[in-house]
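Structure file target04.txt (compact mmCIF, C-alpha atoms and all ligand atoms) is printed below.
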```
# COMPACT_ATOMS: atom_id res chain seq x y z
CA MET A 21 5.02 -39.32 4.24
CA SER A 22 5.34 -35.59 4.91
CA LEU A 23 5.35 -33.35 7.94
CA ILE A 24 2.56 -30.80 7.56
CA VAL A 25 1.80 -27.76 9.72
CA GLN A 26 -1.79 -26.50 9.45
CA LYS A 27 -2.87 -23.26 11.12
CA PHE A 28 -6.53 -22.37 11.67
CA GLY A 29 -7.59 -18.82 12.54
CA GLY A 30 -10.34 -17.76 14.92
CA SER A 31 -13.20 -17.80 12.44
CA SER A 32 -12.27 -21.33 11.32
CA VAL A 33 -12.92 -22.63 14.85
CA ALA A 34 -15.64 -20.14 15.86
CA ASN A 35 -18.29 -22.71 16.89
CA ALA A 36 -18.81 -26.46 17.39
CA GLU A 37 -19.67 -27.06 13.74
CA ARG A 38 -16.54 -25.24 12.55
CA VAL A 39 -14.39 -27.14 15.06
CA MET A 40 -15.75 -30.44 13.68
CA ASN A 41 -15.04 -29.16 10.16
CA VAL A 42 -11.41 -28.48 11.10
CA ALA A 43 -11.16 -31.92 12.74
CA GLY A 44 -12.23 -33.34 9.36
CA ILE A 45 -9.51 -31.46 7.44
CA VAL A 46 -6.84 -32.46 9.96
CA THR A 47 -7.77 -36.15 10.06
CA ASP A 48 -7.98 -36.31 6.24
CA THR A 49 -4.39 -35.06 6.14
CA TYR A 50 -3.36 -37.59 8.81
CA ASN A 51 -5.12 -40.42 6.93
CA LYS A 52 -2.91 -39.79 3.93
CA GLY A 53 -0.01 -40.94 6.11
CA ASN A 54 1.32 -37.50 7.07
CA ASP A 55 2.56 -36.26 10.42
CA VAL A 56 0.29 -33.35 11.33
CA ILE A 57 0.89 -30.44 13.66
CA VAL A 58 -2.03 -28.05 14.02
CA VAL A 59 -1.78 -24.49 15.34
CA VAL A 60 -5.02 -22.81 16.39
CA SER A 61 -6.13 -19.34 17.40
CA ALA A 62 -8.82 -18.47 19.92
CA GLN A 63 -12.40 -19.01 18.76
CA GLY A 64 -14.12 -16.15 16.89
CA ASP A 65 -13.92 -12.88 18.82
CA THR A 66 -12.65 -14.47 22.04
CA THR A 67 -9.46 -12.39 22.21
CA ASP A 68 -11.40 -9.13 21.72
CA ASP A 69 -13.92 -10.22 24.35
CA LEU A 70 -11.16 -11.00 26.85
CA ILE A 71 -9.62 -7.57 26.26
CA GLU A 72 -13.02 -5.98 27.01
CA LYS A 73 -13.42 -8.09 30.15
CA ALA A 74 -10.04 -6.88 31.41
CA LYS A 75 -10.97 -3.24 30.74
CA GLU A 76 -14.14 -3.59 32.83
CA ILE A 77 -12.02 -4.51 35.81
CA ASN A 78 -8.84 -2.52 35.27
CA PRO A 79 -8.15 -0.45 32.15
CA HIS A 80 -4.52 -0.15 33.26
CA ALA A 81 -3.91 -3.83 33.99
CA SER A 82 -0.30 -4.96 33.77
CA LYS A 83 0.88 -6.59 30.57
CA ARG A 84 1.86 -9.73 32.47
CA GLU A 85 -1.69 -10.31 33.68
CA THR A 86 -3.04 -9.35 30.24
CA ASP A 87 -0.98 -12.18 28.74
CA MET A 88 -2.20 -14.57 31.42
CA LEU A 89 -5.76 -13.71 30.39
CA LEU A 90 -5.37 -13.59 26.60
CA SER A 91 -3.50 -16.89 26.38
CA ALA A 92 -6.59 -18.58 27.85
CA GLY A 93 -8.45 -18.10 24.56
CA GLU A 94 -6.15 -20.50 22.73
CA GLN A 95 -6.29 -23.02 25.59
CA ILE A 96 -10.02 -23.33 24.98
CA SER A 97 -9.73 -23.86 21.23
CA ILE A 98 -6.89 -26.44 21.35
CA SER A 99 -8.74 -28.61 23.87
CA LEU A 100 -12.03 -28.41 21.95
CA LEU A 101 -10.32 -29.32 18.68
CA ALA A 102 -8.54 -32.23 20.38
CA MET A 103 -11.89 -33.44 21.74
CA ALA A 104 -13.38 -33.24 18.24
CA ILE A 105 -10.52 -35.34 16.87
CA GLU A 106 -10.90 -37.87 19.73
CA LYS A 107 -14.55 -38.14 18.76
CA LEU A 108 -13.53 -39.09 15.21
CA GLY A 109 -11.39 -41.84 16.74
CA TYR A 110 -7.84 -40.54 16.15
CA PRO A 111 -4.89 -40.27 18.55
CA VAL A 112 -4.39 -36.62 19.46
CA VAL A 113 -2.82 -34.39 22.10
CA SER A 114 -3.18 -30.64 22.70
CA LEU A 115 -0.24 -28.58 23.96
CA LEU A 116 0.03 -25.05 25.32
CA GLY A 117 2.78 -22.83 23.95
CA TRP A 118 5.24 -23.67 26.75
CA GLN A 119 4.57 -27.40 26.44
CA ALA A 120 5.29 -27.16 22.73
CA GLY A 121 8.65 -25.49 23.52
CA PHE A 122 7.95 -21.87 22.55
CA GLN A 123 10.59 -19.68 24.21
CA THR A 124 10.07 -15.95 23.75
CA THR A 125 11.51 -12.59 24.71
CA SER A 126 10.07 -11.13 27.88
CA ALA A 127 8.12 -8.26 26.26
CA HIS A 128 4.60 -9.08 27.42
CA THR A 129 1.81 -8.65 24.81
CA SER A 130 4.34 -8.30 21.98
CA ALA A 131 6.91 -11.00 22.65
CA ARG A 132 9.10 -12.38 19.90
CA ILE A 133 9.82 -16.06 19.48
CA LYS A 134 13.47 -16.76 20.35
CA ARG A 135 13.35 -20.49 19.62
CA VAL A 136 11.08 -23.48 19.56
CA VAL A 137 12.46 -26.54 21.34
CA PRO A 138 10.28 -29.21 19.75
CA ASP A 139 11.25 -32.24 21.89
CA ARG A 140 7.75 -32.82 23.22
CA ILE A 141 6.15 -32.35 19.80
CA LYS A 142 8.60 -34.87 18.32
CA LYS A 143 7.80 -37.42 21.04
CA GLU A 144 4.10 -37.08 20.37
CA LEU A 145 4.59 -37.39 16.60
CA ASP A 146 6.68 -40.53 17.18
CA GLN A 147 3.61 -41.99 18.90
CA ARG A 148 1.66 -41.18 15.69
CA ARG A 149 -0.44 -38.58 17.50
CA ILE A 150 -1.91 -35.51 15.86
CA VAL A 151 -0.41 -32.58 17.78
CA ILE A 152 -2.55 -29.49 18.43
CA VAL A 153 -0.59 -26.42 19.56
CA ALA A 154 -1.90 -23.16 21.04
CA GLY A 155 -0.86 -20.31 18.77
CA PHE A 156 0.02 -16.75 19.87
CA GLN A 157 1.76 -17.75 23.12
CA GLY A 158 5.04 -18.82 24.69
CA LEU A 159 7.09 -18.65 27.85
CA ASN A 160 9.76 -16.07 28.72
CA ARG A 161 12.94 -16.67 30.70
CA TYR A 162 11.15 -15.90 33.95
CA ASP A 163 8.72 -18.78 33.23
CA ASP A 164 5.90 -16.31 32.65
CA ILE A 165 3.41 -16.74 29.82
CA THR A 166 3.76 -14.24 26.99
CA THR A 167 1.71 -13.48 23.88
CA LEU A 168 3.05 -12.49 20.48
CA GLY A 169 0.82 -9.55 19.54
CA ARG A 170 -2.47 -9.62 17.61
CA GLY A 171 -2.56 -12.09 14.77
CA GLY A 172 0.46 -13.89 16.28
CA SER A 173 -0.75 -17.44 15.61
CA ASP A 174 0.45 -17.18 12.01
CA THR A 175 3.95 -16.67 13.38
CA SER A 176 3.57 -19.61 15.76
CA ALA A 177 2.78 -21.83 12.78
CA VAL A 178 5.76 -20.64 10.73
CA ALA A 179 8.05 -21.04 13.76
CA ILE A 180 7.03 -24.68 14.20
CA ALA A 181 7.40 -25.33 10.48
CA THR A 182 10.90 -23.86 10.71
CA ALA A 183 11.95 -25.76 13.86
CA LEU A 184 10.77 -29.11 12.48
CA HIS A 185 11.70 -28.53 8.82
CA ALA A 186 8.11 -29.15 7.78
CA ASP A 187 7.36 -30.01 4.16
CA LEU A 188 4.35 -27.71 4.02
CA CYS A 189 2.88 -24.88 6.10
CA GLN A 190 -0.79 -24.19 5.41
CA ILE A 191 -2.56 -21.13 6.79
CA TYR A 192 -6.30 -21.82 6.75
CA THR A 193 -8.56 -18.79 7.10
CA ASP A 194 -12.00 -17.48 6.18
CA VAL A 195 -11.15 -16.32 2.63
CA GLU A 196 -9.72 -18.42 -0.21
CA GLY A 197 -6.26 -16.88 -0.28
CA VAL A 198 -4.45 -13.60 -0.72
CA TYR A 199 -6.34 -11.17 -2.97
CA THR A 200 -5.49 -7.94 -4.75
CA ALA A 201 -7.51 -6.17 -2.01
CA ASP A 202 -9.57 -7.23 1.00
CA PRO A 203 -12.22 -9.44 -0.69
CA ARG A 204 -14.77 -8.48 1.97
CA LYS A 205 -14.49 -4.82 0.97
CA VAL A 206 -13.70 -4.97 -2.75
CA LYS A 207 -16.05 -7.33 -4.58
CA LYS A 208 -13.86 -7.45 -7.68
CA ALA A 209 -10.70 -8.35 -5.80
CA ILE A 210 -8.73 -11.06 -7.60
CA LYS A 211 -7.25 -14.09 -5.88
CA LEU A 212 -3.49 -14.40 -6.48
CA LYS A 213 -2.07 -17.81 -7.37
CA GLU A 214 1.32 -16.83 -6.00
CA ILE A 215 2.93 -13.86 -4.30
CA SER A 216 6.56 -13.24 -3.33
CA TYR A 217 7.64 -12.95 0.30
CA ASP A 218 8.68 -9.32 -0.23
CA GLU A 219 5.35 -8.22 -1.64
CA MET A 220 3.39 -10.19 0.95
CA LEU A 221 5.50 -8.68 3.69
CA GLU A 222 4.68 -5.16 2.48
CA LEU A 223 0.97 -5.95 2.09
CA ALA A 224 0.81 -7.48 5.58
CA THR A 225 2.70 -4.57 7.13
CA LEU A 226 0.48 -2.05 5.34
CA GLY A 227 -2.76 -3.53 6.65
CA ALA A 228 -3.69 -6.73 4.77
CA GLN A 229 -4.56 -8.70 7.85
CA VAL A 230 -4.71 -12.10 6.11
CA LEU A 231 -1.15 -12.86 7.26
CA ASN A 232 0.70 -11.39 10.19
CA ASN A 233 3.79 -9.54 8.93
CA ARG A 234 6.18 -11.24 11.34
CA SER A 235 5.09 -14.63 10.05
CA VAL A 236 6.00 -13.57 6.51
CA GLU A 237 9.32 -12.16 7.71
CA MET A 238 10.15 -15.50 9.34
CA ALA A 239 8.94 -17.53 6.35
CA LYS A 240 11.21 -15.48 4.08
CA LYS A 241 14.19 -15.81 6.41
CA TYR A 242 13.93 -19.60 6.62
CA ASN A 243 12.49 -20.12 3.15
CA ILE A 244 9.25 -21.74 4.35
CA GLU A 245 6.69 -21.79 1.56
CA LEU A 246 3.23 -20.83 2.81
CA GLU A 247 -0.13 -21.79 1.39
CA VAL A 248 -3.03 -19.53 2.35
CA LEU A 249 -6.42 -21.17 1.83
CA SER A 250 -9.97 -21.42 3.12
CA SER A 251 -11.10 -23.87 5.79
CA LEU A 252 -14.62 -23.62 4.40
CA THR A 253 -14.16 -24.39 0.70
CA LYS A 254 -11.82 -26.68 -1.19
CA ALA A 255 -10.68 -23.98 -3.62
CA PRO A 256 -6.94 -23.72 -4.33
CA GLY A 257 -5.29 -20.99 -2.29
CA THR A 258 -2.30 -18.66 -2.68
CA LEU A 259 1.35 -19.68 -2.42
CA VAL A 260 3.71 -17.27 -0.69
CA LYS A 261 7.26 -17.99 -1.86
CA GLU A 262 10.58 -16.52 -2.98
CA ASN A 263 10.21 -16.54 -6.76
CA ALA A 264 6.53 -16.04 -7.34
CA LYS A 265 5.16 -15.66 -10.85
CA MET A 266 3.08 -12.54 -10.83
CA GLU A 267 1.35 -12.78 -14.22
CA LYS A 268 2.65 -9.47 -15.55
CA MET A 269 0.82 -7.39 -12.98
CA LEU A 270 2.03 -3.87 -12.31
CA ILE A 271 0.97 -4.13 -8.70
CA SER A 272 -0.03 -7.12 -6.59
CA GLY A 273 -2.44 -5.44 -4.23
CA VAL A 274 -4.00 -2.48 -2.45
CA ALA A 275 -4.04 -2.32 1.34
CA LYS A 276 -5.63 -0.09 3.95
CA ASP A 277 -4.46 0.60 7.49
CA THR A 278 -6.63 2.60 9.87
CA ASP A 279 -4.45 1.93 12.90
CA VAL A 280 -2.47 5.11 12.30
CA ALA A 281 -2.25 8.53 13.89
CA ARG A 282 -0.46 11.63 12.64
CA ILE A 283 1.57 13.76 14.99
CA SER A 284 2.84 17.20 14.01
CA VAL A 285 5.38 19.15 15.97
CA THR A 286 5.27 22.80 14.93
CA GLY A 287 7.62 25.73 15.39
CA ILE A 288 10.76 23.64 15.88
CA PRO A 289 13.86 25.88 15.90
CA ASP A 290 15.63 25.38 12.56
CA ARG A 291 19.00 24.01 13.68
CA PRO A 292 20.75 20.64 13.24
CA GLY A 293 20.19 17.74 15.64
CA LEU A 294 16.70 18.49 16.92
CA ALA A 295 14.89 16.05 14.60
CA PHE A 296 17.44 13.37 15.42
CA LYS A 297 16.95 13.86 19.16
CA MET A 298 13.18 13.90 18.83
CA PHE A 299 13.04 10.59 16.95
CA ALA A 300 15.66 9.08 19.25
CA LYS A 301 13.37 9.77 22.22
CA LEU A 302 10.54 7.93 20.48
CA SER A 303 12.64 4.98 19.41
CA ALA A 304 14.01 4.62 22.94
CA LYS A 305 10.42 3.82 23.94
CA ASP A 306 9.98 1.38 21.05
CA ILE A 307 7.68 3.75 19.17
CA ASN A 308 8.01 3.15 15.44
CA VAL A 309 7.66 6.17 13.21
CA ASP A 310 6.47 5.76 9.65
CA ILE A 311 5.80 8.43 7.02
CA ILE A 312 7.78 11.57 7.86
CA LEU A 313 7.31 15.02 6.35
CA GLN A 314 9.34 18.10 7.19
CA SER A 315 8.31 21.56 6.07
CA ILE A 316 10.77 24.04 4.57
CA GLY A 317 12.06 26.24 7.35
CA ARG A 318 10.63 29.75 7.62
CA ASN A 319 11.18 32.42 10.28
CA ASP A 320 13.92 30.14 11.57
CA THR A 321 11.45 27.40 12.48
CA LYS A 322 10.11 24.28 10.81
CA ASP A 323 7.31 21.73 11.31
CA ILE A 324 7.74 17.96 11.31
CA SER A 325 4.81 15.57 10.84
CA PHE A 326 4.92 11.79 11.02
CA THR A 327 2.73 8.78 11.67
CA VAL A 328 2.73 6.22 14.48
CA ALA A 329 0.46 3.30 15.37
CA LYS A 330 -2.65 4.58 17.15
CA SER A 331 -1.90 2.44 20.18
CA LYS A 332 1.37 4.38 20.63
CA GLY A 333 -0.19 7.79 20.01
CA GLU A 334 -0.83 8.87 23.57
CA GLU A 335 2.63 7.85 24.76
CA ALA A 336 4.31 9.58 21.81
CA VAL A 337 2.44 12.84 22.44
CA ALA A 338 3.42 12.80 26.13
CA ILE A 339 7.11 12.34 25.24
CA LEU A 340 6.96 15.13 22.64
CA GLN A 341 5.16 17.54 24.99
CA ASP A 342 8.13 17.29 27.33
CA TYR A 343 10.55 17.67 24.46
CA ILE A 344 9.04 20.83 22.96
CA ASN A 345 9.35 22.53 26.32
CA VAL A 346 13.07 21.73 26.33
CA ILE A 347 13.78 22.97 22.79
CA GLY A 348 11.23 25.79 22.64
CA ALA A 349 9.04 24.44 19.82
CA LYS A 350 5.43 25.63 19.52
CA GLU A 351 2.99 22.73 19.85
CA VAL A 352 2.22 19.05 19.33
CA LEU A 353 -0.84 18.28 17.23
CA TYR A 354 -2.51 14.87 17.10
CA ASP A 355 -4.95 13.48 14.52
CA ASP A 356 -6.16 9.90 14.31
CA ASN A 357 -8.96 10.51 11.85
CA ILE A 358 -6.70 9.31 9.06
CA ALA A 359 -5.92 6.16 7.11
CA LYS A 360 -2.96 4.90 5.15
CA VAL A 361 -3.76 3.43 1.75
CA SER A 362 -0.98 1.69 -0.15
CA ILE A 363 -0.22 -0.12 -3.37
CA VAL A 364 2.40 -2.86 -3.42
CA GLY A 365 4.11 -4.49 -6.37
CA ALA A 366 7.55 -5.54 -7.53
CA GLY A 367 6.47 -4.42 -11.02
CA MET A 368 6.66 -0.73 -10.10
CA GLU A 369 10.45 -0.90 -9.86
CA SER A 370 10.67 -1.19 -13.64
CA HIS A 371 7.59 0.78 -14.70
CA ALA A 372 7.23 4.53 -14.58
CA GLY A 373 3.90 6.13 -13.82
CA VAL A 374 2.58 3.69 -11.24
CA ALA A 375 2.40 6.30 -8.49
CA SER A 376 0.78 8.86 -10.77
CA LYS A 377 -1.86 6.31 -11.76
CA MET A 378 -2.66 5.87 -8.08
CA PHE A 379 -2.84 9.64 -7.52
CA GLU A 380 -5.10 9.96 -10.56
CA ALA A 381 -7.54 7.44 -9.07
CA LEU A 382 -7.65 9.53 -5.90
CA TYR A 383 -8.08 12.76 -7.86
CA ASP A 384 -10.97 11.21 -9.83
CA SER A 385 -12.66 10.49 -6.49
CA HIS A 386 -11.92 14.00 -5.13
CA ILE A 387 -9.77 12.58 -2.35
CA ASN A 388 -7.10 14.83 -0.90
CA ILE A 389 -3.65 13.37 -0.20
CA GLN A 390 -2.11 14.56 3.06
CA MET A 391 1.24 12.76 2.97
CA ILE A 392 3.06 10.40 0.59
CA SER A 393 5.78 7.82 1.08
CA THR A 394 7.39 5.45 -1.40
CA SER A 395 9.88 2.60 -1.59
CA GLU A 396 10.98 0.34 -4.48
CA ILE A 397 7.87 -1.79 -4.22
CA LYS A 398 5.21 0.36 -2.56
CA VAL A 399 3.52 3.74 -2.54
CA SER A 400 1.54 4.84 0.53
CA VAL A 401 -0.68 7.88 0.96
CA LEU A 402 -2.22 9.32 4.07
CA ILE A 403 -5.83 10.44 3.62
CA ASP A 404 -8.96 11.20 5.63
CA LYS A 405 -10.24 8.02 7.29
CA ASN A 406 -13.75 8.55 5.90
CA ASP A 407 -12.34 8.38 2.36
CA ALA A 408 -10.39 5.15 2.89
CA ASP A 409 -12.82 2.58 1.48
CA THR A 410 -13.63 4.78 -1.52
CA ALA A 411 -9.92 5.24 -2.13
CA VAL A 412 -9.18 1.51 -2.04
CA ALA A 413 -12.05 0.79 -4.44
CA ALA A 414 -11.01 3.58 -6.84
CA ILE A 415 -7.35 2.54 -6.88
CA HIS A 416 -8.27 -1.12 -7.28
CA SER A 417 -10.51 -0.40 -10.22
CA LYS A 418 -7.86 1.81 -11.85
CA PHE A 419 -5.27 -0.99 -11.79
CA PHE A 420 -7.32 -4.16 -12.09
CA GLU A 421 -10.76 -3.58 -13.59
P1 LIG B 501 -7.76 -15.56 10.82
O1 LIG B 501 -8.73 -15.47 11.95
O2 LIG B 501 -7.96 -16.79 9.99
O3 LIG B 501 -6.35 -15.35 11.24
P2 LIG B 501 -7.88 -12.83 9.85
O4 LIG B 501 -9.16 -12.17 10.16
O5 LIG B 501 -6.70 -12.52 10.70
O6 LIG B 501 -8.16 -14.41 9.81
O7 LIG B 501 -7.47 -12.57 8.32
C1 LIG B 501 -8.37 -12.87 7.29
C2 LIG B 501 -9.05 -11.61 6.83
O8 LIG B 501 -8.10 -10.76 6.21
C3 LIG B 501 -10.09 -11.83 5.73
O9 LIG B 501 -11.34 -12.15 6.28
C4 LIG B 501 -10.09 -10.51 4.97
O10 LIG B 501 -11.20 -9.71 5.28
C5 LIG B 501 -8.82 -9.80 5.44
N1 LIG B 501 -7.97 -9.31 4.34
C6 LIG B 501 -7.47 -8.05 4.25
N2 LIG B 501 -6.76 -7.89 3.13
C7 LIG B 501 -6.78 -9.07 2.48
C8 LIG B 501 -6.21 -9.54 1.24
N3 LIG B 501 -5.45 -8.75 0.47
N4 LIG B 501 -6.45 -10.83 0.86
C9 LIG B 501 -7.20 -11.64 1.65
N5 LIG B 501 -7.78 -11.25 2.82
C10 LIG B 501 -7.57 -9.99 3.24
N1 LIG B 502 -6.11 -14.89 19.08
C1 LIG B 502 -5.08 -13.95 18.75
C2 LIG B 502 -5.69 -12.67 18.17
O1 LIG B 502 -6.90 -12.58 18.06
C3 LIG B 502 -4.03 -14.51 17.83
C4 LIG B 502 -4.45 -14.80 16.42
O2 LIG B 502 -5.64 -14.79 16.11
O3 LIG B 502 -3.57 -15.07 15.59
O4 LIG B 502 -4.98 -11.78 17.86
MG MG B 503 -5.15 -13.64 11.62
```
Spit out the file's structure as structure tokens when you get a sec.
Amino acid sequence: MSLIVQKFGGSSVANAERVMNVAGIVTDTYNKGNDVIVVVSAQGDTTDDLIEKAKEINPHASKRETDMLLSAGEQISISLLAMAIEKLGYPVVSLLGWQAGFQTTSAHTSARIKRVVPDRIKKELDQRRIVIVAGFQGLNRYDDITTLGRGGSDTSAVAIATALHADLCQIYTDVEGVYTADPRKVKKAIKLKEISYDEMLELATLGAQVLNNRSVEMAKKYNIELEVLSSLTKAPGTLVKENAKMEKMLISGVAKDTDVARISVTGIPDRPGLAFKMFAKLSAKDINVDIILQSIGRNDTKDISFTVAKSKGEEAVAILQDYINVIGAKEVLYDDNIAKVSIVGAGMESHAGVASKMFEALYDSHINIQMISTSEIKVSVLIDKNDADTAVAAIHSKFFE
């Protein structure tokens, strides 16, 4: 007998038929004698719809009330799935995040899981019940409901698997695994049998939405092997693990992120300390800066450009507007008509020419590169947003086809 955590994303529970389908998968697993804990997301586009509903009433609603609203999506799906399992004649109980013992930081809408106290889950498992847990939510130390940020249910699943030392953590979704590019956009994308935590973490962070990056971070930290697979077919999925065999591939995937904005601060006086102070002001407000480019100083001034998440763009510009007045820089420019396209692969550490192959693919498609950033296992470029899908296809075909 094993303890198995199964997570189902929004599209896997989008309607009554899909909910019954999931009930079938869960009860099959239970029938084999396993203890089963199921984590579910809100149905279909529920979370997006709730965000729209909030905007109609108050576009500046507090984050606390936003969490109160968004967490309702998962309450609907856990109860419906439990009802479906009752209908099939199995013992089942649904639990909200707080009932399942999810304790989080207090940062509403982007809380982090501090710990899972699984006493209630254990009691229910001891009664041989299937336990259905609401993903994406928890409780902070003020007893207020928090949410974990978009895509957070993946992290809920890994956190439960960690707290209960599960034997297996399966992430069921609407594609058959992790591919070399988004299979909905790139028809020739190849399904990977295995991928390492490090490469998956980069892919997830750089825009491959199939797993939330925090979930991969946690899986790596606690060595929880993940299996990503489809709830709609029985095809074998992708294993995410420490020592993945990558079948001699130079790179493991291409990812696209359109949630980026570029900010340029021009005419900064060319003296030490100003860049440091500028970035310190942003980090004090929890604004993460990614690709950074500084021009060579001329006429005793320089320009610095960098990227931030679009959602942080407005706040970052406001902070920098104040700052340029203090230091006497020229202006703050903002552009969100851009995309970040990246290749990821442990193979590039030991092979020269991977980046140039990527740049060649872009050149062949007449796509201009605006900024570049690299690490041991990834190369990212910033390009015009309208070129992003063409770029992904061209790079994918250069490396894989
Ligand atoms: P869920 O609702 O199950 O959490 P998501 O929509 O969050 O599902 O993630 C699954 C989606 O991720 C797929 O439908 C696919 O379009 C997208 N995706 C992006 N990059 C990749 C990739 N490299 N491999 C697989 N899927 C990807
Ligand atoms: N329902 C939440 C979202 O749409 C959490 C998740 O799907 O993982 O972001
Ligand atoms: Mg998801």
>> Ranking A:Asn243, A:Val346, A:Ile358, A:Lys213 by minimum distance to Asp279 of chain A and counting all atoms listed in the file, which one comes first?
In response: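 Looking at the shortest contact to Asp279 of chain A, the residue is A:Ile358.
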>> Taking only C-alpha atoms and all ligand atoms into account, list the residues no farther than 9 Å from ligand LIG 502 (chain B), as a PyMOL selection string.
In response: chain A and resi 28-31+60-68+90-91+93-94+155-157+167-176+231-232
Write out as a PDB file with C-alpha atoms, keeping the file's coordinate frame which residues come within 9 Å of Gly44 of chain A when counting only C-alpha atoms, dropping same-chain ones fewer than 5 positions away.
```
ATOM      1  CA  VAL A  39     -14.390 -27.140  15.060  1.00  0.00           C
ATOM      2  CA  THR A  49      -4.390 -35.060   6.140  1.00  0.00           C
ATOM      3  CA  ALA A 104     -13.380 -33.240  18.240  1.00  0.00           C
ATOM      4  CA  ILE A 105     -10.520 -35.340  16.870  1.00  0.00           C
ATOM      5  CA  LEU A 108     -13.530 -39.090  15.210  1.00  0.00           C
TER       6      LEU A 108
END
```
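Between atom CA of Asp218 of chain A and atom CA of Leu259 of chain A the interatomic distance comes to 12.9 Å.
Atom pair atom CA of Gln229 of chain A / atom CA of Gly197 of chain A: separated by 11.7 Å.
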> What is the distance between atom CA of Ala102 of chain A and atom O9 of ligand LIG 501 (chain B), in Å to one decimal?
Replying inline: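 Taking atom CA of Ala102 of chain A and atom O9 of ligand LIG 501 (chain B), their separation equals 24.7 Å.
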>> From (11.1, -16.5, 20.9), in the file's coordinates, out to 12 Å: which residues are reached, counting all atoms listed in the file? Answer as a ChimeraX atom specification.
In response: /A:117-118,121-128,130-137,156-161,165-168,172,175-176,179-180,183,234,238
